[in-house]
file data11.cif (mmCIF, N, CA and C atoms)
data_upload
loop_
_atom_site.group_PDB
_atom_site.id
_atom_site.type_symbol
_atom_site.label_atom_id
_atom_site.label_comp_id
_atom_site.auth_asym_id
_atom_site.auth_seq_id
_atom_site.Cartn_x
_atom_site.Cartn_y
_atom_site.Cartn_z
ATOM 1 N N MET A 25 0.825 -1.187 0.000
ATOM 2 C CA MET A 25 0.000 0.000 0.000
ATOM 3 C C MET A 25 0.868 1.249 0.000
ATOM 4 N N SER A 26 2.158 1.103 0.025
ATOM 5 C CA SER A 26 3.036 2.269 0.048
ATOM 6 C C SER A 26 2.989 3.048 -1.257
ATOM 7 N N SER A 27 2.420 2.452 -2.330
ATOM 8 C CA SER A 27 2.352 3.165 -3.600
ATOM 9 C C SER A 27 1.168 4.119 -3.669
ATOM 10 N N MET A 28 0.347 4.147 -2.625
ATOM 11 C CA MET A 28 -0.784 5.070 -2.607
ATOM 12 C C MET A 28 -0.269 6.496 -2.454
ATOM 13 N N ILE A 29 -0.747 7.366 -3.321
ATOM 14 C CA ILE A 29 -0.352 8.774 -3.213
ATOM 15 C C ILE A 29 -1.534 9.658 -2.840
ATOM 16 N N ARG A 30 -2.750 9.113 -3.004
ATOM 17 C CA ARG A 30 -3.944 9.895 -2.700
ATOM 18 C C ARG A 30 -5.020 8.949 -2.205
ATOM 19 N N ILE A 31 -5.735 9.364 -1.174
ATOM 20 C CA ILE A 31 -6.890 8.588 -0.738
ATOM 21 C C ILE A 31 -8.101 9.500 -0.650
ATOM 22 N N VAL A 32 -9.249 8.920 -0.907
ATOM 23 C CA VAL A 32 -10.516 9.627 -0.777
ATOM 24 C C VAL A 32 -11.275 8.935 0.349
ATOM 25 N N ILE A 33 -11.597 9.688 1.386
ATOM 26 C CA ILE A 33 -12.325 9.158 2.525
ATOM 27 C C ILE A 33 -13.753 9.664 2.430
ATOM 28 N N VAL A 34 -14.697 8.734 2.308
ATOM 29 C CA VAL A 34 -16.106 9.088 2.237
ATOM 30 C C VAL A 34 -16.635 9.110 3.662
ATOM 31 N N ILE A 35 -17.017 10.292 4.110
ATOM 32 C CA ILE A 35 -17.447 10.492 5.494
ATOM 33 C C ILE A 35 -18.953 10.380 5.572
ATOM 34 N N GLN A 36 -19.413 9.527 6.482
ATOM 35 C CA GLN A 36 -20.847 9.376 6.698
ATOM 36 C C GLN A 36 -21.241 10.233 7.886
ATOM 37 N N SER A 37 -22.001 11.256 7.603
ATOM 38 C CA SER A 37 -22.445 12.161 8.662
ATOM 39 C C SER A 37 -23.636 11.551 9.382
ATOM 40 N N ASP A 38 -23.484 11.340 10.669
ATOM 41 C CA ASP A 38 -24.567 10.786 11.478
ATOM 42 C C ASP A 38 -24.713 11.698 12.689
ATOM 43 N N TYR A 39 -25.331 12.853 12.458
ATOM 44 C CA TYR A 39 -25.388 13.876 13.489
ATOM 45 C C TYR A 39 -26.212 13.444 14.694
ATOM 46 N N ASP A 40 -27.279 12.674 14.464
ATOM 47 C CA ASP A 40 -28.112 12.228 15.582
ATOM 48 C C ASP A 40 -27.317 11.355 16.545
ATOM 49 N N ARG A 41 -26.587 10.403 16.013
ATOM 50 C CA ARG A 41 -25.791 9.513 16.869
ATOM 51 C C ARG A 41 -24.679 10.287 17.555
ATOM 52 N N ALA A 42 -24.012 11.152 16.825
ATOM 53 C CA ALA A 42 -22.912 11.928 17.403
ATOM 54 C C ALA A 42 -23.409 12.793 18.544
ATOM 55 N N GLU A 43 -24.544 13.427 18.338
ATOM 56 C CA GLU A 43 -25.094 14.293 19.375
ATOM 57 C C GLU A 43 -25.514 13.486 20.604
ATOM 58 N N SER A 44 -26.103 12.318 20.379
ATOM 59 C CA SER A 44 -26.577 11.510 21.505
ATOM 60 C C SER A 44 -25.429 10.916 22.316
ATOM 61 N N THR A 45 -24.269 10.735 21.696
ATOM 62 C CA THR A 45 -23.118 10.198 22.415
ATOM 63 C C THR A 45 -22.204 11.289 22.939
ATOM 64 N N GLY A 46 -22.522 12.537 22.626
ATOM 65 C CA GLY A 46 -21.688 13.645 23.079
ATOM 66 C C GLY A 46 -20.436 13.836 22.249
ATOM 67 N N ALA A 47 -20.379 13.166 21.104
ATOM 68 C CA ALA A 47 -19.204 13.256 20.234
ATOM 69 C C ALA A 47 -19.562 14.046 18.979
ATOM 70 N N GLU A 48 -19.919 15.290 19.164
ATOM 71 C CA GLU A 48 -20.442 16.103 18.070
ATOM 72 C C GLU A 48 -19.428 16.402 16.974
ATOM 73 N N GLU A 49 -18.175 16.329 17.255
ATOM 74 C CA GLU A 49 -17.144 16.643 16.263
ATOM 75 C C GLU A 49 -16.576 15.389 15.600
ATOM 76 N N THR A 50 -17.260 14.265 15.713
ATOM 77 C CA THR A 50 -16.742 13.026 15.142
ATOM 78 C C THR A 50 -17.585 12.585 13.952
ATOM 79 N N PHE A 51 -17.057 11.619 13.235
ATOM 80 C CA PHE A 51 -17.740 11.072 12.074
ATOM 81 C C PHE A 51 -17.341 9.613 11.904
ATOM 82 N N ARG A 52 -18.095 8.903 11.077
ATOM 83 C CA ARG A 52 -17.747 7.533 10.707
ATOM 84 C C ARG A 52 -17.357 7.514 9.238
ATOM 85 N N VAL A 53 -16.500 6.590 8.887
ATOM 86 C CA VAL A 53 -16.050 6.458 7.509
ATOM 87 C C VAL A 53 -16.945 5.445 6.800
ATOM 88 N N ALA A 54 -17.574 5.868 5.701
ATOM 89 C CA ALA A 54 -18.451 4.991 4.927
ATOM 90 C C ALA A 54 -17.664 4.190 3.897
ATOM 91 N N ALA A 55 -16.600 4.775 3.362
ATOM 92 C CA ALA A 55 -15.785 4.103 2.352
ATOM 93 C C ALA A 55 -14.449 4.817 2.225
ATOM 94 N N VAL A 56 -13.449 4.081 1.748
ATOM 95 C CA VAL A 56 -12.129 4.663 1.503
ATOM 96 C C VAL A 56 -11.595 4.098 0.187
ATOM 97 N N TYR A 57 -11.103 4.984 -0.651
ATOM 98 C CA TYR A 57 -10.522 4.572 -1.920
ATOM 99 C C TYR A 57 -9.117 5.140 -2.019
ATOM 100 N N GLY A 58 -8.184 4.307 -2.429
ATOM 101 C CA GLY A 58 -6.806 4.740 -2.613
ATOM 102 C C GLY A 58 -6.463 4.801 -4.085
ATOM 103 N N TYR A 59 -5.570 5.711 -4.451
ATOM 104 C CA TYR A 59 -5.166 5.884 -5.842
ATOM 105 C C TYR A 59 -3.646 5.941 -5.921
ATOM 106 N N ASN A 60 -3.088 5.261 -6.919
ATOM 107 C CA ASN A 60 -1.648 5.337 -7.136
ATOM 108 C C ASN A 60 -1.357 6.432 -8.166
ATOM 109 N N ALA A 61 -0.124 6.548 -8.586
ATOM 110 C CA ALA A 61 0.271 7.615 -9.511
ATOM 111 C C ALA A 61 -0.449 7.518 -10.853
ATOM 112 N N ASP A 62 -0.865 6.321 -11.251
ATOM 113 C CA ASP A 62 -1.583 6.119 -12.515
ATOM 114 C C ASP A 62 -3.091 6.275 -12.348
ATOM 115 N N GLU A 63 -3.533 6.714 -11.156
ATOM 116 C CA GLU A 63 -4.955 6.893 -10.836
ATOM 117 C C GLU A 63 -5.731 5.578 -10.818
ATOM 118 N N HIS A 64 -5.032 4.473 -10.569
ATOM 119 C CA HIS A 64 -5.703 3.183 -10.393
ATOM 120 C C HIS A 64 -6.366 3.171 -9.020
ATOM 121 N N GLU A 65 -7.669 2.884 -8.988
ATOM 122 C CA GLU A 65 -8.437 2.914 -7.741
ATOM 123 C C GLU A 65 -8.369 1.565 -7.031
ATOM 124 N N THR A 66 -8.155 1.612 -5.723
ATOM 125 C CA THR A 66 -8.190 0.438 -4.869
ATOM 126 C C THR A 66 -9.156 0.715 -3.734
ATOM 127 N N ASP A 67 -10.128 -0.168 -3.554
ATOM 128 C CA ASP A 67 -11.101 -0.016 -2.469
ATOM 129 C C ASP A 67 -10.459 -0.491 -1.168
ATOM 130 N N LEU A 68 -10.285 0.429 -0.230
ATOM 131 C CA LEU A 68 -9.660 0.129 1.062
ATOM 132 C C LEU A 68 -10.688 0.044 2.190
ATOM 133 N N SER A 69 -11.968 0.065 1.845
ATOM 134 C CA SER A 69 -13.036 0.141 2.848
ATOM 135 C C SER A 69 -13.022 -1.010 3.831
ATOM 136 N N SER A 70 -12.635 -2.188 3.389
ATOM 137 C CA SER A 70 -12.636 -3.351 4.281
ATOM 138 C C SER A 70 -11.539 -3.266 5.343
ATOM 139 N N ARG A 71 -10.620 -2.333 5.182
ATOM 140 C CA ARG A 71 -9.501 -2.191 6.124
ATOM 141 C C ARG A 71 -9.794 -1.214 7.261
ATOM 142 N N ILE A 72 -11.023 -0.686 7.298
ATOM 143 C CA ILE A 72 -11.348 0.303 8.319
ATOM 144 C C ILE A 72 -12.646 -0.095 9.016
ATOM 145 N N ASP A 73 -12.734 0.182 10.305
ATOM 146 C CA ASP A 73 -13.916 -0.170 11.099
ATOM 147 C C ASP A 73 -15.019 0.854 10.828
ATOM 148 N N PRO A 74 -16.133 0.433 10.205
ATOM 149 C CA PRO A 74 -17.186 1.390 9.868
ATOM 150 C C PRO A 74 -17.947 1.931 11.080
ATOM 151 N N ASP A 75 -17.776 1.303 12.236
ATOM 152 C CA ASP A 75 -18.473 1.759 13.438
ATOM 153 C C ASP A 75 -17.622 2.659 14.323
ATOM 154 N N LYS A 76 -16.364 2.807 13.969
ATOM 155 C CA LYS A 76 -15.469 3.643 14.775
ATOM 156 C C LYS A 76 -15.722 5.117 14.500
ATOM 157 N N GLU A 77 -15.712 5.910 15.548
ATOM 158 C CA GLU A 77 -15.863 7.363 15.429
ATOM 159 C C GLU A 77 -14.472 7.982 15.296
ATOM 160 N N TYR A 78 -14.308 8.832 14.298
ATOM 161 C CA TYR A 78 -13.029 9.500 14.052
ATOM 162 C C TYR A 78 -13.161 10.996 14.287
ATOM 163 N N GLY A 79 -12.091 11.599 14.729
ATOM 164 C CA GLY A 79 -12.070 13.039 14.934
ATOM 165 C C GLY A 79 -11.460 13.782 13.766
ATOM 166 N N SER A 80 -10.726 13.057 12.901
ATOM 167 C CA SER A 80 -10.109 13.700 11.738
ATOM 168 C C SER A 80 -9.840 12.652 10.664
ATOM 169 N N THR A 81 -9.689 13.130 9.433
ATOM 170 C CA THR A 81 -9.351 12.214 8.351
ATOM 171 C C THR A 81 -7.925 11.700 8.501
ATOM 172 N N ARG A 82 -7.080 12.487 9.127
ATOM 173 C CA ARG A 82 -5.703 12.042 9.391
ATOM 174 C C ARG A 82 -5.702 10.810 10.297
ATOM 175 N N GLU A 83 -6.583 10.820 11.287
ATOM 176 C CA GLU A 83 -6.704 9.685 12.204
ATOM 177 C C GLU A 83 -7.153 8.432 11.443
ATOM 178 N N ALA A 84 -8.097 8.598 10.521
ATOM 179 C CA ALA A 84 -8.568 7.468 9.714
ATOM 180 C C ALA A 84 -7.435 6.941 8.819
ATOM 181 N N ALA A 85 -6.657 7.834 8.235
ATOM 182 C CA ALA A 85 -5.533 7.423 7.394
ATOM 183 C C ALA A 85 -4.511 6.626 8.196
ATOM 184 N N LYS A 86 -4.253 7.059 9.424
ATOM 185 C CA LYS A 86 -3.321 6.333 10.289
ATOM 186 C C LYS A 86 -3.832 4.930 10.583
ATOM 187 N N ASP A 87 -5.153 4.780 10.781
ATOM 188 C CA ASP A 87 -5.735 3.455 11.007
ATOM 189 C C ASP A 87 -5.541 2.534 9.805
ATOM 190 N N LEU A 88 -5.404 3.119 8.625
ATOM 191 C CA LEU A 88 -5.146 2.344 7.418
ATOM 192 C C LEU A 88 -3.668 1.985 7.276
ATOM 193 N N GLY A 89 -2.852 2.481 8.185
ATOM 194 C CA GLY A 89 -1.419 2.225 8.110
ATOM 195 C C GLY A 89 -0.702 3.179 7.183
ATOM 196 N N LEU A 90 -1.335 4.303 6.879
ATOM 197 C CA LEU A 90 -0.751 5.289 5.977
ATOM 198 C C LEU A 90 -0.221 6.477 6.760
ATOM 199 N N ASN A 91 0.791 7.114 6.220
ATOM 200 C CA ASN A 91 1.337 8.324 6.807
ATOM 201 C C ASN A 91 0.569 9.504 6.212
ATOM 202 N N PRO A 92 -0.278 10.172 6.982
ATOM 203 C CA PRO A 92 -1.084 11.253 6.429
ATOM 204 C C PRO A 92 -0.265 12.430 5.898
ATOM 205 N N ASP A 93 0.991 12.553 6.309
ATOM 206 C CA ASP A 93 1.846 13.629 5.806
ATOM 207 C C ASP A 93 2.431 13.300 4.435
ATOM 208 N N ALA A 94 2.331 12.036 4.016
ATOM 209 C CA ALA A 94 2.949 11.607 2.764
ATOM 210 C C ALA A 94 1.934 11.407 1.638
ATOM 211 N N ILE A 95 0.648 11.648 1.902
ATOM 212 C CA ILE A 95 -0.389 11.441 0.894
ATOM 213 C C ILE A 95 -1.351 12.628 0.881
ATOM 214 N N ASP A 96 -2.074 12.751 -0.199
ATOM 215 C CA ASP A 96 -3.155 13.728 -0.273
ATOM 216 C C ASP A 96 -4.420 13.044 0.227
ATOM 217 N N ILE A 97 -5.151 13.705 1.095
ATOM 218 C CA ILE A 97 -6.398 13.160 1.625
ATOM 219 C C ILE A 97 -7.543 14.050 1.160
ATOM 220 N N GLU A 98 -8.495 13.450 0.479
ATOM 221 C CA GLU A 98 -9.680 14.165 0.036
ATOM 222 C C GLU A 98 -10.874 13.638 0.812
ATOM 223 N N GLU A 99 -11.847 14.493 1.017
ATOM 224 C CA GLU A 99 -13.048 14.113 1.750
ATOM 225 C C GLU A 99 -14.276 14.229 0.840
ATOM 226 N N GLU A 100 -15.134 13.250 0.915
ATOM 227 C CA GLU A 100 -16.448 13.309 0.288
ATOM 228 C C GLU A 100 -17.458 13.059 1.397
ATOM 229 N N TYR A 101 -18.599 13.695 1.313
ATOM 230 C CA TYR A 101 -19.590 13.571 2.372
ATOM 231 C C TYR A 101 -20.829 12.851 1.870
ATOM 232 N N GLU A 102 -21.314 11.945 2.698
ATOM 233 C CA GLU A 102 -22.500 11.166 2.406
ATOM 234 C C GLU A 102 -23.437 11.326 3.591
ATOM 235 N N GLU A 103 -24.621 11.832 3.346
ATOM 236 C CA GLU A 103 -25.605 11.969 4.425
ATOM 237 C C GLU A 103 -26.233 10.629 4.712
ATOM 238 N N LYS A 104 -26.460 10.349 5.965
ATOM 239 C CA LYS A 104 -27.081 9.077 6.357
ATOM 240 C C LYS A 104 -28.565 9.160 6.157
#
call {"tool": "encode", "arguments": {"input": "data11.cif", "output": "structure tokens"}}
result
Amino acid sequence: MSSMIRIVIVIQSDYDRAESTGAEETFRVAAVYGYNADEHETDLSSRIDPDKEYGSTREAAKDLGLNPDAIDIEEEYEEK
């Protein structure tokens, strides 16, 4: 996975759950896609816990075993 230069993290906004747990600044990851220099897409979604609450996309990238300082991280939002 070291050939990944860009990842797209699809964030699932679940404001009701976040508010009820007191974690208003957190989100869950719905999907993750990695891209190499040739723009070949790799689905990395199975490598991340969909029920885990994250405080930042950098934290999610670290859970994937990636160095967030060495890749571009893009965010897409999906309403629940």
call {"tool": "atom_distance", "arguments": {"input": "data11.cif", "atom1": "CA of Pro74 (chain A)", "atom2": "CA of Ile33 (chain A)"}}
result
11.7 Å
call {"tool": "residues_around", "arguments": {"input": "data11.cif", "residues": "Tyr78 (chain A)", "least_positions_apart": "2", "cutoff": "8 Å", "atoms": "only C-alpha atoms", "output": "NGL selection string"}}
result
:A and (50-53 or 76 or 80-81 or 83-84)
call {"tool": "axis_aligned_box", "arguments": {"input": "data11.cif", "around": "region 86-92 of chain A", "padding_each_side": "4 Å", "output": "lines of an AutoDock Vina configuration file"}}
result
center_x = -2.2
center_y = 7.2
center_z = 8.5
size_x = 15.1
size_y = 18.4
size_z = 13.1
call {"tool": "closest_residue", "arguments": {"input": "data11.cif", "among": "A:Glu99, A:Ala94, A:Asp87, A:Val32", "to": "Gly58 (chain A)", "atoms": "only C-alpha atoms"}}
result
A:Val32
call {"tool": "resolve_selection", "arguments": {"input": "data11.cif", "expression": "the PyMOL selection byres ((chain A and resi 61) around 7)", "output": "list in words"}}
result
Ser27, Met28, Ile29, Arg30, Tyr59, Asn60, Asp62, Glu63 and His64 of chain A
call {"tool": "select_by_dssp", "arguments": {"input": "data11.cif", "residues": "region 39-92 of chain A", "states": "strand (DSSP E)", "output": "PyMOL selection string"}}
result
chain A and resi 52-59+65-67
call {"tool": "write_last_selection", "arguments": {"input": "data11.cif", "atoms": "N, CA and C atoms", "output": "tab-separated table (two decimals), keeping the file's coordinate frame"}}
result
chain	number	residue	atom	x	y	z
A	52	ARG	N	-18.10	8.90	11.08
A	52	ARG	CA	-17.75	7.53	10.71
A	52	ARG	C	-17.36	7.51	9.24
A	53	VAL	N	-16.50	6.59	8.89
A	53	VAL	CA	-16.05	6.46	7.51
A	53	VAL	C	-16.94	5.44	6.80
A	54	ALA	N	-17.57	5.87	5.70
A	54	ALA	CA	-18.45	4.99	4.93
A	54	ALA	C	-17.66	4.19	3.90
A	55	ALA	N	-16.60	4.78	3.36
A	55	ALA	CA	-15.78	4.10	2.35
A	55	ALA	C	-14.45	4.82	2.22
A	56	VAL	N	-13.45	4.08	1.75
A	56	VAL	CA	-12.13	4.66	1.50
A	56	VAL	C	-11.60	4.10	0.19
A	57	TYR	N	-11.10	4.98	-0.65
A	57	TYR	CA	-10.52	4.57	-1.92
A	57	TYR	C	-9.12	5.14	-2.02
A	58	GLY	N	-8.18	4.31	-2.43
A	58	GLY	CA	-6.81	4.74	-2.61
A	58	GLY	C	-6.46	4.80	-4.08
A	59	TYR	N	-5.57	5.71	-4.45
A	59	TYR	CA	-5.17	5.88	-5.84
A	59	TYR	C	-3.65	5.94	-5.92
A	65	GLU	N	-7.67	2.88	-8.99
A	65	GLU	CA	-8.44	2.91	-7.74
A	65	GLU	C	-8.37	1.56	-7.03
A	66	THR	N	-8.15	1.61	-5.72
A	66	THR	CA	-8.19	0.44	-4.87
A	66	THR	C	-9.16	0.72	-3.73
A	67	ASP	N	-10.13	-0.17	-3.55
A	67	ASP	CA	-11.10	-0.02	-2.47
A	67	ASP	C	-10.46	-0.49	-1.17
call {"tool": "closest_residue", "arguments": {"input": "data11.cif", "among": "A:Asp73, A:Glu102, A:Glu49, A:Asp96", "to": "Ile31 (chain A)", "atoms": "only N, CA and C atoms"}}
result
A:Asp96
call {"tool": "resolve_selection", "arguments": {"input": "data11.cif", "expression": "the PyMOL selection byres ((chain A and resi 71) around 8)", "output": "list of chain:residue names"}}
result
A:Val56, A:Asp67, A:Leu68, A:Ser69, A:Ser70, A:Ile72, A:Asp73, A:Pro74, A:Asp87, A:Leu88, A:Gly89
call {"tool": "atom_distance", "arguments": {"input": "data11.cif", "atom1": "atom C of Tyr57 (chain A)", "atom2": "atom N of Glu98 (chain A)"}}
result
8.7 Å
call {"tool": "atom_distance", "arguments": {"input": "data11.cif", "atom1": "atom C of Ala54 (chain A)", "atom2": "atom C of Asp75 (chain A)"}}
result
10.5 Å
